[in-house]
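Trainee: This is the structure I have questions about; it appears just below.
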Amino acid sequence: MGSLDGKVALITGAARGQGAAEARLFVERGAKVMMTDVLDDEGAQVAAQIGDNAAYMHLDVTSEQGWKDVVAATVAKFGKLNVLINNAGIITPAQEVHETSLEDYRKVIDINQIGVFLGMREVVEPMKKASGGSIINISSIDGLTGMYGASAYCASKFAVRGMTKVAALELGKYGIRVNSLHPGGVKTKILDDINLSEEEAEEAFKASPLGRIGKSEEMATLAAYLASDDASYSTGSEFVADGGLTAGFSLEG
Amino acid sequence: MSNLQGKVALITGAARGQGAAEARLFAERGAKVVITDVLDQEGKQVAADIGDAALYIHLDVTDENSWAAAVKETVAHFGKLNVLVNNAGIVQVKALVDTSVADYMKVIEINQLGVFLGMRSVAGAMKEAGSGSIINISSIDGLIGMSGGSAYCASKFAVRGMTKVAAMELGPDNIRVNSIHPGGIHTPMITQAGMDESVMTDIFSKVPLGRVGQPEEMATLAAYLASDDSSYSTGSEFIADGGLTSGFSLEH
């Protein structure tokens, strides 16, 4: 009955946070899900909790061979592959551009950007065989606007937004839709990586129009929309869920 | 089971095209819908087809008093109002140099002031309902230019801009405001823009998805924005254009 009946989704970075929320919601709405991550214990546990319609496999998104193995295993286990969520990503503590080492910069680009490039490339064949598909690339509001101290992160997220449009142009003829999702502040482990406590995060997003930080589940519902046939005429676009953070600025107090 | 249970939606321009498709889908997914238009016969017919979950009210979106009356009647009939789809609009294709002030203002009045009045008129009822979702139908012509669309593009860019301001102002009352940007959609408006079926098919076969969109595909996007599934989205553009605005190709 759910809107994701007949969908087989591969989700990267699915051991926790938004990826895990997406895996749970997708199965709840009728999909079968291959969860991947580098955090094997957590990933396998989430998959076990979800049950038979979920499986877990190790995937380092920067590994070409890893992608090939996961795609083949997904098709072998669930019969096809028609949804990909490129969700895996990292952020590093704020570093001004003149303090950012090439090594730090490349690490972010490798995972957040090259990982998405490889993922899109590797799923095209199975999606063609499935007569279409939906690729959902998790960018960020930092793919729409700048963030202080995040030259690598913003570069990677703007790159994802741009590649999404190119892939949409190229893959439309196969019935493969490609869109980017732009979360604002969302309560996940990634906040720890920029040394933001839960209280600080809550406080930081109070000033946004909806007055609160977002939940992983609220990103999962947007991903579910894009994965479903309800989104059949949307491709190459940005889908923002940021509580209004990027809507503008206010001169009021 | 459906995701619009408990929603009461007012949809403008709902006698045909996208508005009618939205009314049908919303009711199918559990909402009560108020269909408004200036095309009374067609609008009443759509409402009658849907049944008890629908009500037709005459509404000229440029008329402040009609808005107040329509909102009041909606709340009286269905108990509340928590979704507005500002869908009514007209198109005009005319070169800038040939566009009179009267031509220009006609489009602005309906497409832009109509949306302004709609947002303003429902805010009170939505506050009372505890939350709400306003969905403003802009266009890809609210994102890029269209030759011959000085009035139309102006109105659609304005809708996109006002959406963001309203999102900022109404967010504290838990009222979300977003814009939808349809590309080429198979509705009577295409004929108004001077396109026949074959021209339309030809033009939209060049977009990445290779076809014109259907009104039902805009209705599903509006349903998403009306539902609690989109609870963290406000002040943003939601595009369904088959990839038309995603870029250009040097191939072919």
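Here's how to read the names in the structure tokens: chain A, B, ... by the order shown, residue numbers from 1 in each chain, ligand numbers from 1 in the order shown.
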Residues within 9 Å of B:Val165, please, as JSON, numbers by chain. Count only C-alpha atoms; anything in the same chain fewer than 5 positions from it doesn't count.
Mentor: {"A": [247, 248], "B": [170, 177, 235]}
Trainee: Save out the residues we just selected, C-alpha atoms, as a PDB file, in the first residue's frame.
Mentor:
ATOM      1  CA  ALA A 247      14.738  31.989   2.928  1.00  0.00           C
ATOM      2  CA  GLY A 248      16.363  35.329   3.701  1.00  0.00           C
TER       3      GLY A 248
ATOM      4  CA  LEU B 170       4.645  33.056   9.394  1.00  0.00           C
ATOM      5  CA  VAL B 177       5.081  28.652   2.754  1.00  0.00           C
ATOM      6  CA  GLY B 235      10.583  29.312   2.037  1.00  0.00           C
TER       7      GLY B 235
END
Trainee: Give the helix (DSSP H, G or I) residues of stretch 58-250 of chain A, as assigned by DSSP on the backbone, as an NGL selection string.
Mentor: :A and (64-78 or 97-99 or 102-129 or 141-143 or 151-174 or 190-193 or 198-204 or 216-227 or 229-231)
Trainee: Skip stretch 181-197 of chain B itself and residues of its chain fewer than 2 positions away, then list as a list in words all residues within 6 Å of it, counting only C-alpha atoms.
Mentor: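 The filter keeps Gly17, Ser138, Ser139, Ile140, Val199, Met200, Val212, Gly213, Gln214, Phe238, Ile239, Ala240 and Asp241 of chain B.
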Trainee: Please report as a ChimeraX atom specification which residues of chain A come no farther than 6 Å from chain B, using only C-alpha atoms.
Mentor: /A:165,169,172-173,209-210,221,230,233-236,241-244,247
Trainee: Convert the current residue selection to file output with C-alpha atoms, as a PDB file, in the first residue's frame.
Mentor:
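Written file, out36.pdb:
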ATOM      1  CA  LYS A 165      22.040  18.631 -12.876  1.00  0.00           C
ATOM      2  CA  LEU A 169      20.487  15.936 -18.326  1.00  0.00           C
ATOM      3  CA  GLY A 172      16.664  11.525 -18.300  1.00  0.00           C
ATOM      4  CA  LYS A 173      16.430   9.534 -21.516  1.00  0.00           C
ATOM      5  CA  PRO A 209      11.650  30.736  10.691  1.00  0.00           C
ATOM      6  CA  LEU A 210      10.409  27.408  12.066  1.00  0.00           C
ATOM      7  CA  THR A 221      10.192  11.845   4.253  1.00  0.00           C
ATOM      8  CA  ASP A 230       4.870  10.957  -6.951  1.00  0.00           C
ATOM      9  CA  TYR A 233       8.307  14.971 -13.340  1.00  0.00           C
ATOM     10  CA  SER A 234      11.083  16.274 -11.072  1.00  0.00           C
ATOM     11  CA  THR A 235      14.700  15.930 -12.128  1.00  0.00           C
ATOM     12  CA  GLY A 236      17.818  18.091 -11.899  1.00  0.00           C
ATOM     13  CA  ALA A 241      14.318  21.195   3.997  1.00  0.00           C
ATOM     14  CA  ASP A 242      15.958  23.751   6.250  1.00  0.00           C
ATOM     15  CA  GLY A 243      13.189  25.223   8.385  1.00  0.00           C
ATOM     16  CA  GLY A 244      13.446  28.396   6.323  1.00  0.00           C
ATOM     17  CA  ALA A 247      14.738  31.989   2.928  1.00  0.00           C
TER      18      ALA A 247
END
Trainee: Just the residues within 6 Å of stretch 26-36 of chain A, please, counting only C-alpha atoms, with nothing from its chain fewer than 2 positions along; format it as an NGL selection string.
Mentor: :A and (2 or 4-5 or 7-14 or 22-24 or 53-59)
Trainee: Using C-alpha atoms, can you export the residues from the last selection as a CSV table (one decimal), in the first residue's frame?
Mentor:
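Writing the result to part35.csv gives the following:
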chain,number,residue,atom,x,y,z
A,2,GLY,CA,2.9,2.3,0.7
A,4,LEU,CA,7.6,2.8,-2.2
A,5,ASP,CA,6.2,-0.6,-3.1
A,7,LYS,CA,11.4,0.0,-5.0
A,8,VAL,CA,14.9,-1.4,-4.1
A,9,ALA,CA,17.1,1.3,-2.6
A,10,LEU,CA,20.8,1.5,-1.9
A,11,ILE,CA,21.6,4.0,0.9
A,12,THR,CA,25.1,5.0,1.8
A,13,GLY,CA,26.1,6.2,5.3
A,14,ALA,CA,23.0,4.3,6.6
A,22,GLU,CA,15.8,6.8,5.5
A,23,ALA,CA,16.3,3.0,5.7
A,24,ARG,CA,13.7,2.6,8.4
A,53,ASN,CA,13.6,-6.2,3.9
A,54,ALA,CA,16.9,-4.6,4.9
A,55,ALA,CA,20.5,-5.9,4.5
A,56,TYR,CA,23.8,-4.4,5.4
A,57,MET,CA,27.0,-4.3,3.5
A,58,HIS,CA,30.3,-2.6,4.0
A,59,LEU,CA,31.0,0.2,1.5
Trainee: Excluding stretch 178-190 of chain A and residues on its chain fewer than 2 positions from it, collect all residues at most 6 Å away from it, counting only C-alpha atoms, and give them as a PDB file with C-alpha atoms, in the first residue's frame.
Mentor:
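Contents of out.pdb, freshly written:
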ATOM      1  CA  GLY A  17      21.578   9.683  11.430  1.00  0.00           C
ATOM      2  CA  SER A 134      15.688   7.835  -8.846  1.00  0.00           C
ATOM      3  CA  ILE A 135      19.053   9.068  -7.607  1.00  0.00           C
ATOM      4  CA  ILE A 136      18.925  11.306  -4.541  1.00  0.00           C
ATOM      5  CA  ASN A 137      22.124  13.137  -3.724  1.00  0.00           C
ATOM      6  CA  ILE A 138      22.335  14.575  -0.232  1.00  0.00           C
ATOM      7  CA  SER A 139      23.880  18.013  -0.595  1.00  0.00           C
ATOM      8  CA  SER A 140      23.267  20.631   2.110  1.00  0.00           C
ATOM      9  CA  ILE A 141      22.260  24.248   2.556  1.00  0.00           C
ATOM     10  CA  THR A 164      23.158  16.355 -10.041  1.00  0.00           C
ATOM     11  CA  ALA A 168      19.795  14.649 -14.810  1.00  0.00           C
ATOM     12  CA  ASP A 192      29.637  16.353  17.064  1.00  0.00           C
ATOM     13  CA  ASP A 193      32.167  16.571  14.263  1.00  0.00           C
ATOM     14  CA  ILE A 213      16.495  22.188  14.435  1.00  0.00           C
ATOM     15  CA  GLY A 214      15.310  19.519  11.978  1.00  0.00           C
ATOM     16  CA  LYS A 215      14.953  15.801  12.634  1.00  0.00           C
ATOM     17  CA  THR A 235      14.700  15.930 -12.128  1.00  0.00           C
ATOM     18  CA  GLY A 236      17.818  18.091 -11.899  1.00  0.00           C
ATOM     19  CA  SER A 237      16.493  20.250  -9.063  1.00  0.00           C
ATOM     20  CA  GLU A 238      17.247  21.213  -5.496  1.00  0.00           C
ATOM     21  CA  PHE A 239      14.858  20.141  -2.738  1.00  0.00           C
ATOM     22  CA  VAL A 240      15.412  22.118   0.450  1.00  0.00           C
ATOM     23  CA  ALA A 241      14.318  21.195   3.997  1.00  0.00           C
ATOM     24  CA  ASP A 242      15.958  23.751   6.250  1.00  0.00           C
TER      25      ASP A 242
END
Trainee: Mind checking which residues fall within 7 Å of A:Leu81, counting only C-alpha atoms, ignoring those fewer than 6 positions away in the same chain, and posting them as a list in words?
Mentor: Val8, Ala9, Thr74, Val75, Pro126, Met127 and Ala130 of chain A
Trainee: If we count only C-alpha atoms, what is near B:Gly114 at a cut-off of 10 Å, once residues fewer than 2 positions away on the same chain are taken out, given as JSON, numbers by chain?
Mentor: {"B": [12, 60, 61, 62, 63, 64, 67, 86, 87, 88, 89, 107, 108, 109, 110, 111, 112, 116, 117, 118, 119, 120, 159]}
Trainee: Please write the residues from the selection above to a file, keeping N, CA and C atoms, as a PDB file, in the first residue's frame.
Mentor:
ATOM      1  N   THR B  12      -7.302  27.650  -5.425  1.00  0.00           N
ATOM      2  CA  THR B  12      -7.832  28.625  -6.390  1.00  0.00           C
ATOM      3  C   THR B  12      -7.585  28.133  -7.815  1.00  0.00           C
ATOM      4  N   ASP B  60     -12.958  35.440  -7.188  1.00  0.00           N
ATOM      5  CA  ASP B  60     -12.069  36.235  -8.028  1.00  0.00           C
ATOM      6  C   ASP B  60     -10.901  36.609  -7.128  1.00  0.00           C
ATOM      7  N   VAL B  61      -9.713  36.068  -7.428  1.00  0.00           N
ATOM      8  CA  VAL B  61      -8.583  36.220  -6.495  1.00  0.00           C
ATOM      9  C   VAL B  61      -8.088  37.658  -6.347  1.00  0.00           C
ATOM     10  N   THR B  62      -8.557  38.550  -7.224  1.00  0.00           N
ATOM     11  CA  THR B  62      -8.134  39.948  -7.114  1.00  0.00           C
ATOM     12  C   THR B  62      -9.023  40.747  -6.166  1.00  0.00           C
ATOM     13  N   ASP B  63     -10.068  40.109  -5.650  1.00  0.00           N
ATOM     14  CA  ASP B  63     -11.051  40.816  -4.833  1.00  0.00           C
ATOM     15  C   ASP B  63     -10.892  40.495  -3.345  1.00  0.00           C
ATOM     16  N   GLU B  64     -10.437  41.486  -2.605  1.00  0.00           N
ATOM     17  CA  GLU B  64     -10.162  41.351  -1.178  1.00  0.00           C
ATOM     18  C   GLU B  64     -11.361  40.798  -0.397  1.00  0.00           C
ATOM     19  N   TRP B  67     -12.103  37.105  -0.907  1.00  0.00           N
ATOM     20  CA  TRP B  67     -11.169  36.263  -0.146  1.00  0.00           C
ATOM     21  C   TRP B  67     -11.662  36.071   1.281  1.00  0.00           C
ATOM     22  N   ASN B  86      -2.401  28.486  -3.871  1.00  0.00           N
ATOM     23  CA  ASN B  86      -2.611  29.651  -4.733  1.00  0.00           C
ATOM     24  C   ASN B  86      -2.260  29.247  -6.164  1.00  0.00           C
ATOM     25  N   ASN B  87      -3.231  28.690  -6.840  1.00  0.00           N
ATOM     26  CA  ASN B  87      -2.991  28.088  -8.149  1.00  0.00           C
ATOM     27  C   ASN B  87      -3.498  28.941  -9.308  1.00  0.00           C
ATOM     28  N   ALA B  88      -4.512  29.793  -9.059  1.00  0.00           N
ATOM     29  CA  ALA B  88      -5.115  30.562 -10.148  1.00  0.00           C
ATOM     30  C   ALA B  88      -4.075  31.431 -10.849  1.00  0.00           C
ATOM     31  N   GLY B  89      -4.131  31.453 -12.166  1.00  0.00           N
ATOM     32  CA  GLY B  89      -3.183  32.282 -12.893  1.00  0.00           C
ATOM     33  C   GLY B  89      -3.524  32.339 -14.369  1.00  0.00           C
ATOM     34  N   VAL B 107      -2.091  40.762 -15.749  1.00  0.00           N
ATOM     35  CA  VAL B 107      -1.350  39.581 -15.298  1.00  0.00           C
ATOM     36  C   VAL B 107      -0.895  39.738 -13.847  1.00  0.00           C
ATOM     37  N   ILE B 108      -0.381  40.920 -13.529  1.00  0.00           N
ATOM     38  CA  ILE B 108       0.100  41.161 -12.160  1.00  0.00           C
ATOM     39  C   ILE B 108      -1.040  41.059 -11.149  1.00  0.00           C
ATOM     40  N   GLU B 109      -2.189  41.609 -11.510  1.00  0.00           N
ATOM     41  CA  GLU B 109      -3.345  41.569 -10.605  1.00  0.00           C
ATOM     42  C   GLU B 109      -3.708  40.133 -10.229  1.00  0.00           C
ATOM     43  N   ILE B 110      -3.848  39.291 -11.243  1.00  0.00           N
ATOM     44  CA  ILE B 110      -4.305  37.917 -10.977  1.00  0.00           C
ATOM     45  C   ILE B 110      -3.177  37.065 -10.383  1.00  0.00           C
ATOM     46  N   ASN B 111      -2.034  37.048 -11.054  1.00  0.00           N
ATOM     47  CA  ASN B 111      -0.962  36.116 -10.661  1.00  0.00           C
ATOM     48  C   ASN B 111      -0.225  36.535  -9.392  1.00  0.00           C
ATOM     49  N   GLN B 112      -0.108  37.837  -9.193  1.00  0.00           N
ATOM     50  CA  GLN B 112       0.729  38.304  -8.085  1.00  0.00           C
ATOM     51  C   GLN B 112      -0.085  38.847  -6.913  1.00  0.00           C
ATOM     52  N   PHE B 116      -0.776  37.403  -3.077  1.00  0.00           N
ATOM     53  CA  PHE B 116      -0.583  38.263  -1.899  1.00  0.00           C
ATOM     54  C   PHE B 116      -1.834  38.277  -1.027  1.00  0.00           C
ATOM     55  N   LEU B 117      -2.988  38.517  -1.664  1.00  0.00           N
ATOM     56  CA  LEU B 117      -4.247  38.552  -0.914  1.00  0.00           C
ATOM     57  C   LEU B 117      -4.563  37.197  -0.289  1.00  0.00           C
ATOM     58  N   GLY B 118      -4.297  36.139  -1.034  1.00  0.00           N
ATOM     59  CA  GLY B 118      -4.581  34.790  -0.531  1.00  0.00           C
ATOM     60  C   GLY B 118      -3.787  34.494   0.731  1.00  0.00           C
ATOM     61  N   MET B 119      -2.484  34.756   0.675  1.00  0.00           N
ATOM     62  CA  MET B 119      -1.633  34.478   1.840  1.00  0.00           C
ATOM     63  C   MET B 119      -2.104  35.284   3.044  1.00  0.00           C
ATOM     64  N   ARG B 120      -2.401  36.574   2.776  1.00  0.00           N
ATOM     65  CA  ARG B 120      -2.817  37.456   3.858  1.00  0.00           C
ATOM     66  C   ARG B 120      -4.145  37.003   4.461  1.00  0.00           C
ATOM     67  N   VAL B 159       6.075  36.039  -7.001  1.00  0.00           N
ATOM     68  CA  VAL B 159       5.489  34.992  -6.153  1.00  0.00           C
ATOM     69  C   VAL B 159       6.598  34.237  -5.425  1.00  0.00           C
TER      70      VAL B 159
END
Trainee: So the first atom is atom CA of A:Leu171 and the second is atom CA of A:Gly79; what is the distance between them in Å, to one decimal place?
Mentor: 21.5 Å
Trainee: Run DSSP on the backbone of this structure and report the residues of stretch 61-237 of chain A it assigns to strand (DSSP E or B), as a PDB file with N, CA and C atoms, in the first residue's frame.
Mentor:
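Result went into result-v4.pdb, see below:
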ATOM      1  N   VAL A  83      16.627   2.791  -6.755  1.00  0.00           N
ATOM      2  CA  VAL A  83      16.796   4.031  -5.986  1.00  0.00           C
ATOM      3  C   VAL A  83      18.191   4.047  -5.366  1.00  0.00           C
ATOM      4  N   LEU A  84      18.876   5.168  -5.478  1.00  0.00           N
ATOM      5  CA  LEU A  84      20.162   5.342  -4.783  1.00  0.00           C
ATOM      6  C   LEU A  84      20.086   6.622  -3.960  1.00  0.00           C
ATOM      7  N   ILE A  85      20.438   6.522  -2.688  1.00  0.00           N
ATOM      8  CA  ILE A  85      20.604   7.743  -1.880  1.00  0.00           C
ATOM      9  C   ILE A  85      22.077   7.882  -1.522  1.00  0.00           C
ATOM     10  N   ASN A  86      22.713   8.860  -2.139  1.00  0.00           N
ATOM     11  CA  ASN A  86      24.101   9.164  -1.831  1.00  0.00           C
ATOM     12  C   ASN A  86      24.112  10.048  -0.588  1.00  0.00           C
ATOM     13  N   GLN A  95      37.685  25.549   9.750  1.00  0.00           N
ATOM     14  CA  GLN A  95      39.073  25.880   9.433  1.00  0.00           C
ATOM     15  C   GLN A  95      39.029  26.949   8.365  1.00  0.00           C
ATOM     16  N   GLY A 133      14.814   4.936 -12.660  1.00  0.00           N
ATOM     17  CA  GLY A 133      15.243   4.985 -11.273  1.00  0.00           C
ATOM     18  C   GLY A 133      15.258   6.400 -10.751  1.00  0.00           C
ATOM     19  N   SER A 134      15.594   6.520  -9.476  1.00  0.00           N
ATOM     20  CA  SER A 134      15.688   7.835  -8.846  1.00  0.00           C
ATOM     21  C   SER A 134      16.974   7.883  -8.035  1.00  0.00           C
ATOM     22  N   ILE A 135      17.821   8.860  -8.366  1.00  0.00           N
ATOM     23  CA  ILE A 135      19.053   9.068  -7.607  1.00  0.00           C
ATOM     24  C   ILE A 135      18.863  10.317  -6.759  1.00  0.00           C
ATOM     25  N   ILE A 136      19.109  10.191  -5.468  1.00  0.00           N
ATOM     26  CA  ILE A 136      18.925  11.306  -4.541  1.00  0.00           C
ATOM     27  C   ILE A 136      20.276  11.607  -3.910  1.00  0.00           C
ATOM     28  N   ASN A 137      20.819  12.755  -4.253  1.00  0.00           N
ATOM     29  CA  ASN A 137      22.124  13.137  -3.724  1.00  0.00           C
ATOM     30  C   ASN A 137      21.943  14.092  -2.560  1.00  0.00           C
ATOM     31  N   ILE A 138      22.475  13.704  -1.403  1.00  0.00           N
ATOM     32  CA  ILE A 138      22.335  14.575  -0.232  1.00  0.00           C
ATOM     33  C   ILE A 138      23.414  15.649  -0.299  1.00  0.00           C
ATOM     34  N   ALA A 150      34.316  26.467   6.109  1.00  0.00           N
ATOM     35  CA  ALA A 150      33.993  25.177   5.484  1.00  0.00           C
ATOM     36  C   ALA A 150      34.306  25.174   3.988  1.00  0.00           C
ATOM     37  N   ILE A 176      15.763   7.849 -15.683  1.00  0.00           N
ATOM     38  CA  ILE A 176      16.421   7.973 -14.376  1.00  0.00           C
ATOM     39  C   ILE A 176      16.383   9.445 -13.956  1.00  0.00           C
ATOM     40  N   ARG A 177      15.731   9.720 -12.831  1.00  0.00           N
ATOM     41  CA  ARG A 177      15.659  11.078 -12.307  1.00  0.00           C
ATOM     42  C   ARG A 177      16.778  11.289 -11.288  1.00  0.00           C
ATOM     43  N   VAL A 178      17.339  12.493 -11.247  1.00  0.00           N
ATOM     44  CA  VAL A 178      18.442  12.791 -10.319  1.00  0.00           C
ATOM     45  C   VAL A 178      18.168  14.144  -9.666  1.00  0.00           C
ATOM     46  N   ASN A 179      18.055  14.173  -8.373  1.00  0.00           N
ATOM     47  CA  ASN A 179      17.785  15.426  -7.659  1.00  0.00           C
ATOM     48  C   ASN A 179      18.690  15.535  -6.435  1.00  0.00           C
ATOM     49  N   SER A 180      18.859  16.756  -5.950  1.00  0.00           N
ATOM     50  CA  SER A 180      19.646  16.940  -4.731  1.00  0.00           C
ATOM     51  C   SER A 180      18.747  17.380  -3.586  1.00  0.00           C
ATOM     52  N   LEU A 181      19.091  16.921  -2.407  1.00  0.00           N
ATOM     53  CA  LEU A 181      18.331  17.245  -1.204  1.00  0.00           C
ATOM     54  C   LEU A 181      19.242  18.116  -0.331  1.00  0.00           C
ATOM     55  N   HIS A 182      18.699  19.201   0.161  1.00  0.00           N
ATOM     56  CA  HIS A 182      19.504  20.174   0.907  1.00  0.00           C
ATOM     57  C   HIS A 182      18.976  20.359   2.322  1.00  0.00           C
ATOM     58  N   PRO A 183      19.476  19.535   3.249  1.00  0.00           N
ATOM     59  CA  PRO A 183      19.055  19.707   4.639  1.00  0.00           C
ATOM     60  C   PRO A 183      19.682  20.950   5.246  1.00  0.00           C
ATOM     61  N   VAL A 186      20.249  19.633  11.107  1.00  0.00           N
ATOM     62  CA  VAL A 186      19.531  18.412  11.449  1.00  0.00           C
ATOM     63  C   VAL A 186      20.278  17.753  12.606  1.00  0.00           C
ATOM     64  N   GLY A 214      16.075  20.571  12.650  1.00  0.00           N
ATOM     65  CA  GLY A 214      15.310  19.519  11.978  1.00  0.00           C
ATOM     66  C   GLY A 214      15.625  18.138  12.529  1.00  0.00           C
TER      67      GLY A 214
END
Trainee: What is the distance between atom CA of B:Ala9 and atom CA of B:Val33, in Å to one decimal?
Mentor: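 About the pair atom CA of B:Ala9 and atom CA of B:Val33: they are 4.8 Å apart.
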Trainee: Which residue gives the smallest distance to A:Tyr225 among A:Ala20, A:Val166, A:Leu25, A:Leu196, with only C-alpha atoms counted?
Mentor: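 Closest candidate: A:Leu25.
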Trainee: Give me, please, the distance in Å between atom CA of A:Ser232 and atom CA of B:Arg24, quoted to one decimal.
Mentor: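 That distance, rounded to one decimal, is 18.0 Å.
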